[in-house]
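Q: Following this line is final-v6.csv, made up of CSV, C-alpha atoms:
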chain,number,residue,atom,x,y,z
A,1,MET,CA,51.7,81.7,107.0
A,2,GLY,CA,50.0,79.6,109.6
A,3,ASN,CA,46.2,79.0,109.6
A,4,TRP,CA,44.0,82.0,109.0
A,5,ASN,CA,40.7,80.0,109.6
A,6,PHE,CA,40.2,81.3,113.1
A,7,LEU,CA,40.7,85.0,112.3
A,8,GLY,CA,38.7,84.5,109.1
A,9,GLY,CA,35.8,83.1,111.0
A,10,LEU,CA,35.8,86.0,113.4
A,11,LEU,CA,36.0,88.6,110.6
A,12,GLU,CA,33.0,86.9,108.9
A,13,GLU,CA,31.0,87.9,112.0
A,14,VAL,CA,32.4,91.4,111.7
A,15,HIS,CA,31.1,91.4,108.1
A,16,ILE,CA,27.5,90.9,109.2
A,17,HIS,CA,27.6,93.8,111.6
A,18,SER,CA,29.4,96.3,109.3
A,19,THR,CA,28.2,99.1,106.9
A,20,PRO,CA,28.6,98.7,103.1
A,21,VAL,CA,32.0,100.6,103.2
A,22,GLY,CA,33.1,98.4,106.2
A,23,LYS,CA,32.3,95.3,104.2
A,24,THR,CA,34.4,96.6,101.3
A,25,TRP,CA,37.3,97.1,103.8
A,26,LEU,CA,37.0,93.6,105.0
A,27,THR,CA,37.0,92.2,101.5
A,28,ILE,CA,40.3,94.1,100.9
A,29,LEU,CA,41.7,92.7,104.1
A,30,PHE,CA,40.8,89.1,103.1
A,31,ILE,CA,41.7,89.1,99.4
A,32,CYS,CA,44.6,91.6,99.1
A,33,ARG,CA,46.3,90.9,102.4
A,34,MET,CA,45.6,87.6,104.0
A,35,LEU,CA,45.5,85.6,100.7
A,36,VAL,CA,48.5,87.4,99.2
A,37,ILE,CA,50.6,86.9,102.4
A,38,GLY,CA,49.5,83.3,102.7
A,39,VAL,CA,49.7,82.2,99.1
A,40,ALA,CA,52.3,84.4,97.3
A,41,ALA,CA,54.4,86.6,99.5
A,42,GLU,CA,55.5,83.9,101.9
A,43,ASP,CA,57.1,81.9,99.0
A,44,VAL,CA,59.0,85.0,97.9
A,45,TRP,CA,60.6,85.6,101.3
A,46,THR,CA,61.4,82.0,102.3
A,47,ASP,CA,65.0,82.3,101.1
A,48,GLU,CA,65.6,85.8,102.6
A,49,GLN,CA,68.2,84.6,105.2
A,50,ALA,CA,69.6,81.5,103.4
A,51,GLU,CA,70.3,83.6,100.3
A,52,PHE,CA,71.6,86.7,102.2
A,53,ILE,CA,75.3,86.3,101.1
A,54,CYS,CA,78.2,88.3,102.5
A,55,ASN,CA,81.8,88.4,101.2
A,56,THR,CA,83.3,87.2,104.5
A,57,HIS,CA,83.7,84.0,106.4
A,58,GLN,CA,83.9,85.7,109.8
A,59,PRO,CA,81.7,83.6,112.2
A,60,GLY,CA,78.6,85.5,113.2
A,61,CYS,CA,79.1,88.4,110.8
A,62,ARG,CA,76.5,87.3,108.3
A,63,ASN,CA,73.9,86.8,111.0
A,64,ALA,CA,74.7,90.2,112.5
A,65,CYS,CA,74.4,91.9,109.1
A,66,TYR,CA,71.1,90.2,108.3
A,67,ASP,CA,69.7,91.3,111.6
A,68,LEU,CA,70.7,94.9,110.8
A,69,ALA,CA,69.2,94.7,107.2
A,70,PHE,CA,66.0,93.0,108.4
A,71,PRO,CA,65.2,93.8,112.0
A,72,ILE,CA,61.9,91.9,111.5
A,73,SER,CA,60.9,89.7,108.6
A,74,PRO,CA,58.5,91.6,106.3
A,75,ILE,CA,56.2,88.6,106.3
A,76,ARG,CA,56.0,88.5,110.0
A,77,TYR,CA,55.6,92.3,110.1
A,78,TRP,CA,52.6,92.1,107.7
A,79,VAL,CA,51.0,89.2,109.7
A,80,LEU,CA,51.4,91.4,112.8
A,81,GLN,CA,49.9,94.3,110.9
A,82,VAL,CA,46.8,92.3,109.8
A,83,ILE,CA,46.2,91.0,113.3
A,84,SER,CA,46.7,94.5,114.9
A,85,VAL,CA,44.4,96.2,112.3
A,86,SER,CA,41.7,93.5,112.7
A,87,SER,CA,41.7,93.5,116.6
A,88,PRO,CA,39.6,96.7,117.0
A,89,SER,CA,37.0,95.1,114.7
A,90,LEU,CA,36.8,92.0,116.9
A,91,VAL,CA,36.2,94.3,120.0
A,92,TYR,CA,33.4,96.0,118.1
A,93,VAL,CA,31.7,92.7,117.0
A,94,GLY,CA,31.9,91.5,120.7
A,95,HIS,CA,29.9,94.6,121.7
A,96,ALA,CA,27.5,94.1,118.7
A,97,LEU,CA,26.8,90.5,119.8
A,98,TYR,CA,26.3,91.6,123.4
A,99,ARG,CA,23.7,94.2,122.2
A,100,LEU,CA,22.1,91.5,120.0
A,101,ARG,CA,21.8,89.1,122.9
A,102,ALA,CA,20.3,92.0,125.0
A,103,LEU,CA,17.6,92.6,122.3
A,104,GLU,CA,16.8,88.9,122.2
A,105,LYS,CA,16.3,88.9,125.9
A,106,VAL,CA,13.9,91.8,125.6
A,107,ARG,CA,12.0,89.9,123.0
A,108,GLU,CA,11.8,86.8,125.2
A,109,ARG,CA,10.6,88.9,128.0
A,110,LYS,CA,7.8,90.3,125.8
A,111,LYS,CA,6.8,86.8,124.8
A,112,ALA,CA,6.6,85.8,128.5
A,113,LEU,CA,4.5,88.8,129.3
A,114,LEU,CA,2.1,88.0,126.4
A,115,TRP,CA,1.6,84.4,127.6
A,116,ARG,CA,1.1,85.7,131.2
A,117,GLU,CA,-1.5,88.2,129.9
A,118,LEU,CA,-3.2,85.3,128.1
A,119,GLU,CA,-3.5,83.3,131.3
A,120,ASP,CA,-4.9,86.3,133.2
A,121,ALA,CA,-7.2,87.6,130.5
A,122,ASP,CA,-10.9,88.2,131.4
A,123,VAL,CA,-12.0,88.1,127.8
A,124,GLU,CA,-12.9,85.0,125.8
A,125,PRO,CA,-9.9,82.7,125.3
A,126,ALA,CA,-10.3,82.6,121.5
A,127,VAL,CA,-10.2,86.4,121.3
A,128,ALA,CA,-7.2,86.6,123.6
A,129,ARG,CA,-5.4,83.9,121.7
A,130,LYS,CA,-5.9,85.6,118.4
A,131,ARG,CA,-4.5,88.8,119.8
A,132,ILE,CA,-1.5,87.0,121.4
A,133,GLU,CA,-0.9,85.1,118.1
A,134,ARG,CA,-0.9,88.4,116.2
A,135,GLU,CA,1.5,90.0,118.6
A,136,MET,CA,3.7,86.9,118.6
A,137,LYS,CA,3.8,86.9,114.9
A,138,GLN,CA,4.8,90.5,114.9
A,139,LEU,CA,7.6,89.7,117.4
A,140,CYS,CA,8.9,86.9,115.1
A,141,GLN,CA,8.9,89.2,112.1
A,142,GLU,CA,11.0,91.7,114.0
A,143,GLN,CA,13.7,89.1,114.7
A,144,LEU,CA,17.1,90.7,114.1
A,145,ASN,CA,20.2,89.2,112.6
A,146,LYS,CA,22.3,92.2,113.7
A,147,ALA,CA,22.1,94.9,116.3
A,148,PRO,CA,20.9,98.3,115.2
A,149,LEU,CA,23.8,100.7,114.7
A,150,ARG,CA,22.9,103.4,117.1
A,151,GLY,CA,23.7,104.7,120.6
A,152,SER,CA,26.6,103.1,122.4
A,153,LEU,CA,27.1,100.6,119.5
A,154,MET,CA,27.5,103.5,117.0
A,155,ARG,CA,30.1,105.1,119.3
A,156,THR,CA,32.0,101.8,119.6
A,157,TYR,CA,31.9,101.4,115.8
A,158,VAL,CA,33.3,104.9,115.1
A,159,ALA,CA,36.0,104.4,117.8
A,160,HIS,CA,37.1,101.1,116.3
A,161,ILE,CA,37.4,102.7,112.9
A,162,ILE,CA,39.6,105.5,114.3
A,163,ILE,CA,41.8,103.1,116.3
A,164,ARG,CA,42.3,100.8,113.3
A,165,SER,CA,43.2,103.9,111.2
A,166,VAL,CA,45.8,105.0,113.7
A,167,VAL,CA,47.2,101.5,113.8
A,168,GLU,CA,47.3,101.4,110.0
A,169,VAL,CA,49.2,104.7,109.9
A,170,ALA,CA,51.7,103.4,112.5
A,171,PHE,CA,52.5,100.2,110.6
A,172,MET,CA,52.8,102.1,107.3
A,173,THR,CA,55.2,104.5,108.9
A,174,GLY,CA,57.1,101.6,110.5
A,175,GLN,CA,57.5,99.8,107.2
A,176,TYR,CA,58.8,102.9,105.6
A,177,LEU,CA,61.3,103.6,108.3
A,178,LEU,CA,62.5,100.0,108.3
A,179,TYR,CA,62.8,99.3,104.6
A,180,GLY,CA,61.7,102.4,102.6
A,181,PHE,CA,59.9,101.6,99.4
A,182,HIS,CA,62.4,99.3,97.8
A,183,LEU,CA,65.3,97.0,98.6
A,184,HIS,CA,68.8,97.5,97.2
A,185,THR,CA,70.8,94.5,95.9
A,186,LEU,CA,73.9,95.6,97.8
A,187,PHE,CA,73.8,96.1,101.6
A,188,ARG,CA,77.0,97.5,103.2
A,189,CYS,CA,77.5,96.3,106.8
A,190,GLU,CA,80.0,97.4,109.5
A,191,GLN,CA,78.3,95.6,112.4
A,192,ASP,CA,80.3,93.7,115.0
A,193,PRO,CA,81.8,91.0,114.8
A,194,CYS,CA,82.6,91.9,111.2
A,195,PRO,CA,86.3,92.8,110.9
A,196,ASN,CA,85.7,95.6,108.5
A,197,SER,CA,83.1,96.9,106.0
A,198,VAL,CA,81.3,93.9,104.5
A,199,ASP,CA,79.3,93.7,101.3
A,200,CYS,CA,76.1,91.6,101.5
A,201,PHE,CA,73.7,90.8,98.8
A,202,VAL,CA,69.9,90.5,99.0
A,203,SER,CA,68.3,87.8,96.8
A,204,ARG,CA,65.5,88.9,94.4
A,205,PRO,CA,65.4,92.5,95.6
A,206,THR,CA,63.1,93.7,92.7
A,207,GLU,CA,60.4,91.1,93.3
A,208,LYS,CA,60.5,91.7,97.0
A,209,SER,CA,60.3,95.5,96.4
A,210,ILE,CA,57.2,95.0,94.3
A,211,TYR,CA,55.5,93.1,97.2
A,212,MET,CA,56.5,95.8,99.7
A,213,VAL,CA,55.1,98.6,97.5
A,214,PHE,CA,51.9,96.5,96.9
A,215,MET,CA,51.4,96.0,100.7
A,216,GLN,CA,51.9,99.7,101.3
A,217,SER,CA,49.4,100.5,98.6
A,218,ILE,CA,46.8,98.1,100.1
A,219,ALA,CA,47.4,99.7,103.5
A,220,ALA,CA,46.8,103.2,102.0
A,221,LEU,CA,43.6,101.9,100.3
A,222,SER,CA,42.4,100.5,103.6
A,223,LEU,CA,43.1,103.8,105.3
A,224,PHE,CA,41.2,105.6,102.6
A,225,LEU,CA,38.2,103.3,103.1
A,226,SER,CA,38.3,103.8,106.9
A,227,ILE,CA,38.2,107.6,106.4
A,228,LEU,CA,35.5,107.2,103.8
A,229,GLU,CA,33.4,105.1,106.2
A,230,ILE,CA,33.7,107.8,108.9
A,231,ILE,CA,32.5,110.4,106.3
A,232,HIS,CA,29.6,108.1,105.4
A,233,LEU,CA,28.5,107.7,109.0
A,234,ILE,CA,28.7,111.5,109.6
A,235,CYS,CA,26.6,112.2,106.4
A,236,LYS,CA,24.1,109.5,107.5
A,237,LYS,CA,23.8,111.1,111.0
A,238,ILE,CA,23.3,114.6,109.5
A,239,GLU,CA,20.6,113.1,107.2
A,240,VAL,CA,18.8,111.5,110.1
A,241,CYS,CA,19.0,114.7,112.2
A,242,THR,CA,17.7,116.8,109.3
A,243,ARG,CA,14.8,114.4,108.7
A,244,MET,CA,13.9,114.5,112.4
A,245,THR,CA,14.0,118.3,112.4
A,246,VAL,CA,11.7,118.4,109.3
A,247,ASP,CA,9.3,116.0,110.9
A,248,LYS,CA,9.1,118.1,114.0
A,249,ASP,CA,8.5,121.2,112.0
A,250,GLU,CA,5.7,119.5,110.0
A,251,LEU,CA,4.1,118.2,113.2
A,252,SER,CA,4.3,121.7,114.8
A,253,LEU,CA,2.6,123.2,111.6
A,254,LYS,CA,-0.2,120.6,111.8
A,255,LYS,CA,-0.8,121.4,115.4
A,256,ASN,CA,-0.9,125.1,114.8
A,257,SER,CA,-3.2,124.6,111.8
A,258,GLY,CA,-5.5,122.5,113.9
A,259,THR,CA,-5.6,125.1,116.7
A,260,MET,CA,-6.4,127.9,114.3
A,261,VAL,CA,-9.3,125.8,112.7
A,262,PHE,CA,-10.7,125.1,116.2
A,263,LYS,CA,-10.7,128.8,117.0
As structure tokens, what does this structure read like?

A:
Amino acid sequence: MGNWNFLGGLLEEVHIHSTPVGKTWLTILFICRMLVIGVAAEDVWTDEQAEFICNTHQPGCRNACYDLAFPISPIRYWVLQVISVSSPSLVYVGHALYRLRALEKVRERKKALLWRELEDADVEPAVARKRIEREMKQLCQEQLNKAPLRGSLMRTYVAHIIIRSVVEVAFMTGQYLLYGFHLHTLFRCEQDPCPNSVDCFVSRPTEKSIYMVFMQSIAALSLFLSILEIIHLICKKIEVCTRMTVDKDELSLKKNSGTMVFK
């Protein structure tokens, strides 16, 4: 449905700035959602209104019953779900690119200072040039393809996972309230302007039900991966804090040992 190239290009940038679990989440989003909606599911639902048959010729009755049975087309609902779930990731990657540009500016500033130091050096030019070249080489080796996931960027990353999880739950709940887990062949309608109770029939309800269950399952898997990613980040943070505490303790022991030897 439509062209996914623009959203796909943006999500590729998100892939670069994500954790391993986040990359798995994006893979699920690409393959099991965008491709399924664009390649397979859209063809299944192309006849949903044309083949929605009611046993009445009352003008406007069939349209009113169809609107009651399908308040929003499932295909459009899933497209809206993909866009809504992806939006927090695009906000995060915007912040990541901003941080990356800031780091690049710092690097450029360091290079400018090194060249200025070279011009103002009182030592021999050859010695100063070697030192400058060595530090320049070190700066080039430190070139980053993505911003380090820490500080404000880490908070943005966690916030975007939480927001997309809430959005996921909202859309899963919405789909269940609208359609349940499967479609029935017969839909009874008493909507105006129908003169009485009208029987309407949904085309290919079993096939459509399979796609609905599949999309709910993929949404549940995506939600699980989001929760797993938060747990992964928490464990990683605990590990870093533990390592820092151990390093501080070892440093304190070394200092105390050195003081005792000196005494």

Q: Between A:Lys110, A:Glu190, A:Gln216, A:Tyr179, single out the one closest to Gln81 of chain A, counting only C-alpha atoms.

A: A:Gln216

Q: Check the smallest atom-to-atom distance from each of A:Phe187, A:Tyr176, A:Tyr92, A:Phe214 to Met154 of chain A using all atoms listed in the file, then report the winner.

A: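 For Met154 of chain A, the nearest of the given residues is A:Tyr92.
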
Q: Expressed in Å to a single decimal, how great is the separation between atom CA of Met215 of chain A and atom CA of Met172 of chain A?

A: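 For atom CA of Met215 of chain A relative to atom CA of Met172 of chain A, the distance reads 9.1 Å.
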
Q: Within 9 Å of segment 204-211 of chain A, which residues of segment 42-66 of chain A come that close, and what is the closest atom pair and distance in Å for each? Count all atoms listed in the file and give it as JSON lines.

A:
{"residue": "A:Val44", "atom": "CA", "partner": "A:Lys208", "partner_atom": "CA", "distance": 6.9}
{"residue": "A:Trp45", "atom": "CA", "partner": "A:Lys208", "partner_atom": "CA", "distance": 7.5}
{"residue": "A:Glu48", "atom": "CA", "partner": "A:Arg204", "partner_atom": "CA", "distance": 8.8}

Q: What is the atom CA of Ala64 of chain A-atom CA of Val82 of chain A distance in Å, reported with one decimal?

A: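 Spanning atom CA of Ala64 of chain A to atom CA of Val82 of chain A is a straight-line distance of 28.1 Å.
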
Q: Just the number, please: distance in Å from atom CA of Val202 of chain A to atom CA of Leu186 of chain A, one decimal.

A: 6.6 Å

Q: Taking (36.5, 101.0, 101.0) as a centre in this file's frame and 6 Å as the limit, can you find every polymer residue with an atom that close, using all atoms listed in the file, and give them as a list in words?

A: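 The requested residues, written out, are Val21, Thr24, Trp25 and Leu225 of chain A.
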
Q: Closest to Leu183 of chain A among A:Ile163, A:Ala69, A:Leu228, A:Ile238, using only C-alpha atoms?

A: A:Ala69

Q: Which residue is closest to Thr56 of chain A? Choose from A:Ile234, A:Cys189, A:Ile75, A:Val213 and count all atoms listed in the file.

A: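 Checking each of A:Ile234, A:Cys189, A:Ile75, A:Val213 against Thr56 of chain A, counting all atoms listed in the file, the winner is A:Cys189.
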
Q: Closest to Phe30 of chain A among A:Thr242, A:Ser86, A:Val198, A:Ile161, using only C-alpha atoms?

A: A:Ser86

Q: Do you know which residues lie at most 12 Å from (30.9, 103.4, 118.4), with coordinates as in the file and all atoms listed in the file counted, and could you write them as a ChimeraX atom specification?

A: /A:18,88-89,91-93,95-96,148-163,230,233

Q: Produce a file of the selected residues containing C-alpha atoms, as a PDB file, in the coordinates of the input.

A:
ATOM      1  CA  SER A  18      29.400  96.300 109.300  1.00  0.00           C
ATOM      2  CA  PRO A  88      39.600  96.700 117.000  1.00  0.00           C
ATOM      3  CA  SER A  89      37.000  95.100 114.700  1.00  0.00           C
ATOM      4  CA  VAL A  91      36.200  94.300 120.000  1.00  0.00           C
ATOM      5  CA  TYR A  92      33.400  96.000 118.100  1.00  0.00           C
ATOM      6  CA  VAL A  93      31.700  92.700 117.000  1.00  0.00           C
ATOM      7  CA  HIS A  95      29.900  94.600 121.700  1.00  0.00           C
ATOM      8  CA  ALA A  96      27.500  94.100 118.700  1.00  0.00           C
ATOM      9  CA  PRO A 148      20.900  98.300 115.200  1.00  0.00           C
ATOM     10  CA  LEU A 149      23.800 100.700 114.700  1.00  0.00           C
ATOM     11  CA  ARG A 150      22.900 103.400 117.100  1.00  0.00           C
ATOM     12  CA  GLY A 151      23.700 104.700 120.600  1.00  0.00           C
ATOM     13  CA  SER A 152      26.600 103.100 122.400  1.00  0.00           C
ATOM     14  CA  LEU A 153      27.100 100.600 119.500  1.00  0.00           C
ATOM     15  CA  MET A 154      27.500 103.500 117.000  1.00  0.00           C
ATOM     16  CA  ARG A 155      30.100 105.100 119.300  1.00  0.00           C
ATOM     17  CA  THR A 156      32.000 101.800 119.600  1.00  0.00           C
ATOM     18  CA  TYR A 157      31.900 101.400 115.800  1.00  0.00           C
ATOM     19  CA  VAL A 158      33.300 104.900 115.100  1.00  0.00           C
ATOM     20  CA  ALA A 159      36.000 104.400 117.800  1.00  0.00           C
ATOM     21  CA  HIS A 160      37.100 101.100 116.300  1.00  0.00           C
ATOM     22  CA  ILE A 161      37.400 102.700 112.900  1.00  0.00           C
ATOM     23  CA  ILE A 162      39.600 105.500 114.300  1.00  0.00           C
ATOM     24  CA  ILE A 163      41.800 103.100 116.300  1.00  0.00           C
ATOM     25  CA  ILE A 230      33.700 107.800 108.900  1.00  0.00           C
ATOM     26  CA  LEU A 233      28.500 107.700 109.000  1.00  0.00           C
TER      27      LEU A 233
END

Q: Between A:Val246, A:Val39, A:Met212, A:Cys65, which residue has the minimum interatomic distance to Tyr77 of chain A, considering all atoms listed in the file?

A: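 With all atoms listed in the file as the atom set, the closest residue is A:Met212.
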
Q: With N, CA, C and O atoms as the goal, would you fill in the gaps in segment 168-190 of chain A and present it as a CSV table (one decimal), in the coordinates of the input?

A:
chain,number,residue,atom,x,y,z
A,168,GLU,N,46.9,101.5,111.4
A,168,GLU,CA,47.3,101.4,110.0
A,168,GLU,C,48.4,102.4,109.7
A,168,GLU,O,49.5,102.1,109.1
A,169,VAL,N,48.2,103.7,110.1
A,169,VAL,CA,49.2,104.7,109.9
A,169,VAL,C,50.6,104.3,110.6
A,169,VAL,O,51.7,104.5,110.0
A,170,ALA,N,50.5,103.8,111.8
A,170,ALA,CA,51.7,103.4,112.5
A,170,ALA,C,52.5,102.3,111.8
A,170,ALA,O,53.7,102.4,111.7
A,171,PHE,N,51.8,101.3,111.3
A,171,PHE,CA,52.5,100.2,110.6
A,171,PHE,C,53.0,100.7,109.2
A,171,PHE,O,54.1,100.3,108.8
A,172,MET,N,52.3,101.6,108.5
A,172,MET,CA,52.8,102.1,107.3
A,172,MET,C,54.1,102.9,107.5
A,172,MET,O,55.1,102.8,106.8
A,173,THR,N,54.0,103.7,108.6
A,173,THR,CA,55.2,104.5,108.9
A,173,THR,C,56.4,103.6,109.3
A,173,THR,O,57.5,103.8,108.9
A,174,GLY,N,56.1,102.6,110.1
A,174,GLY,CA,57.1,101.6,110.5
A,174,GLY,C,57.8,100.9,109.4
A,174,GLY,O,59.0,100.8,109.3
A,175,GLN,N,57.0,100.5,108.4
A,175,GLN,CA,57.5,99.8,107.2
A,175,GLN,C,58.4,100.7,106.4
A,175,GLN,O,59.5,100.3,106.0
A,176,TYR,N,58.0,102.0,106.3
A,176,TYR,CA,58.8,102.9,105.6
A,176,TYR,C,60.2,103.2,106.3
A,176,TYR,O,61.2,103.3,105.6
A,177,LEU,N,60.1,103.3,107.6
A,177,LEU,CA,61.3,103.6,108.3
A,177,LEU,C,62.3,102.4,108.3
A,177,LEU,O,63.5,102.5,108.3
A,178,LEU,N,61.7,101.2,108.3
A,178,LEU,CA,62.5,100.0,108.3
A,178,LEU,C,63.2,99.7,106.9
A,178,LEU,O,64.3,99.3,106.8
A,179,TYR,N,62.3,99.8,105.9
A,179,TYR,CA,62.8,99.3,104.6
A,179,TYR,C,62.7,100.3,103.5
A,179,TYR,O,63.2,100.1,102.4
A,180,GLY,N,62.0,101.4,103.7
A,180,GLY,CA,61.7,102.4,102.6
A,180,GLY,C,60.7,101.8,101.6
A,180,GLY,O,59.8,101.0,102.0
A,181,PHE,N,60.8,102.1,100.4
A,181,PHE,CA,59.9,101.6,99.4
A,181,PHE,C,60.5,100.5,98.5
A,181,PHE,O,59.7,99.9,97.7
A,182,HIS,N,61.8,100.3,98.6
A,182,HIS,CA,62.4,99.3,97.8
A,182,HIS,C,63.7,98.8,98.4
A,182,HIS,O,64.3,99.5,99.2
A,183,LEU,N,64.1,97.6,98.1
A,183,LEU,CA,65.3,97.0,98.6
A,183,LEU,C,66.4,97.2,97.6
A,183,LEU,O,66.2,97.1,96.4
A,184,HIS,N,67.6,97.4,98.1
A,184,HIS,CA,68.8,97.5,97.2
A,184,HIS,C,69.5,96.1,97.2
A,184,HIS,O,69.4,95.3,98.1
A,185,THR,N,70.1,95.8,96.0
A,185,THR,CA,70.8,94.5,95.9
A,185,THR,C,72.0,94.5,96.9
A,185,THR,O,72.2,93.4,97.5
A,186,LEU,N,72.7,95.6,97.0
A,186,LEU,CA,73.9,95.6,97.8
A,186,LEU,C,73.5,96.2,99.2
A,186,LEU,O,72.9,97.3,99.2
A,187,PHE,N,74.0,95.6,100.2
A,187,PHE,CA,73.8,96.1,101.6
A,187,PHE,C,75.2,96.1,102.3
A,187,PHE,O,75.8,95.1,102.5
A,188,ARG,N,75.7,97.3,102.6
A,188,ARG,CA,77.0,97.5,103.2
A,188,ARG,C,76.8,97.4,104.7
A,188,ARG,O,76.0,98.1,105.3
A,189,CYS,N,77.7,96.6,105.4
A,189,CYS,CA,77.5,96.3,106.8
A,189,CYS,C,78.8,96.5,107.5
A,189,CYS,O,79.9,96.0,107.1
A,190,GLU,N,78.8,97.2,108.6
A,190,GLU,CA,80.0,97.4,109.5
A,190,GLU,C,79.7,97.0,110.9
A,190,GLU,O,80.2,97.6,111.9
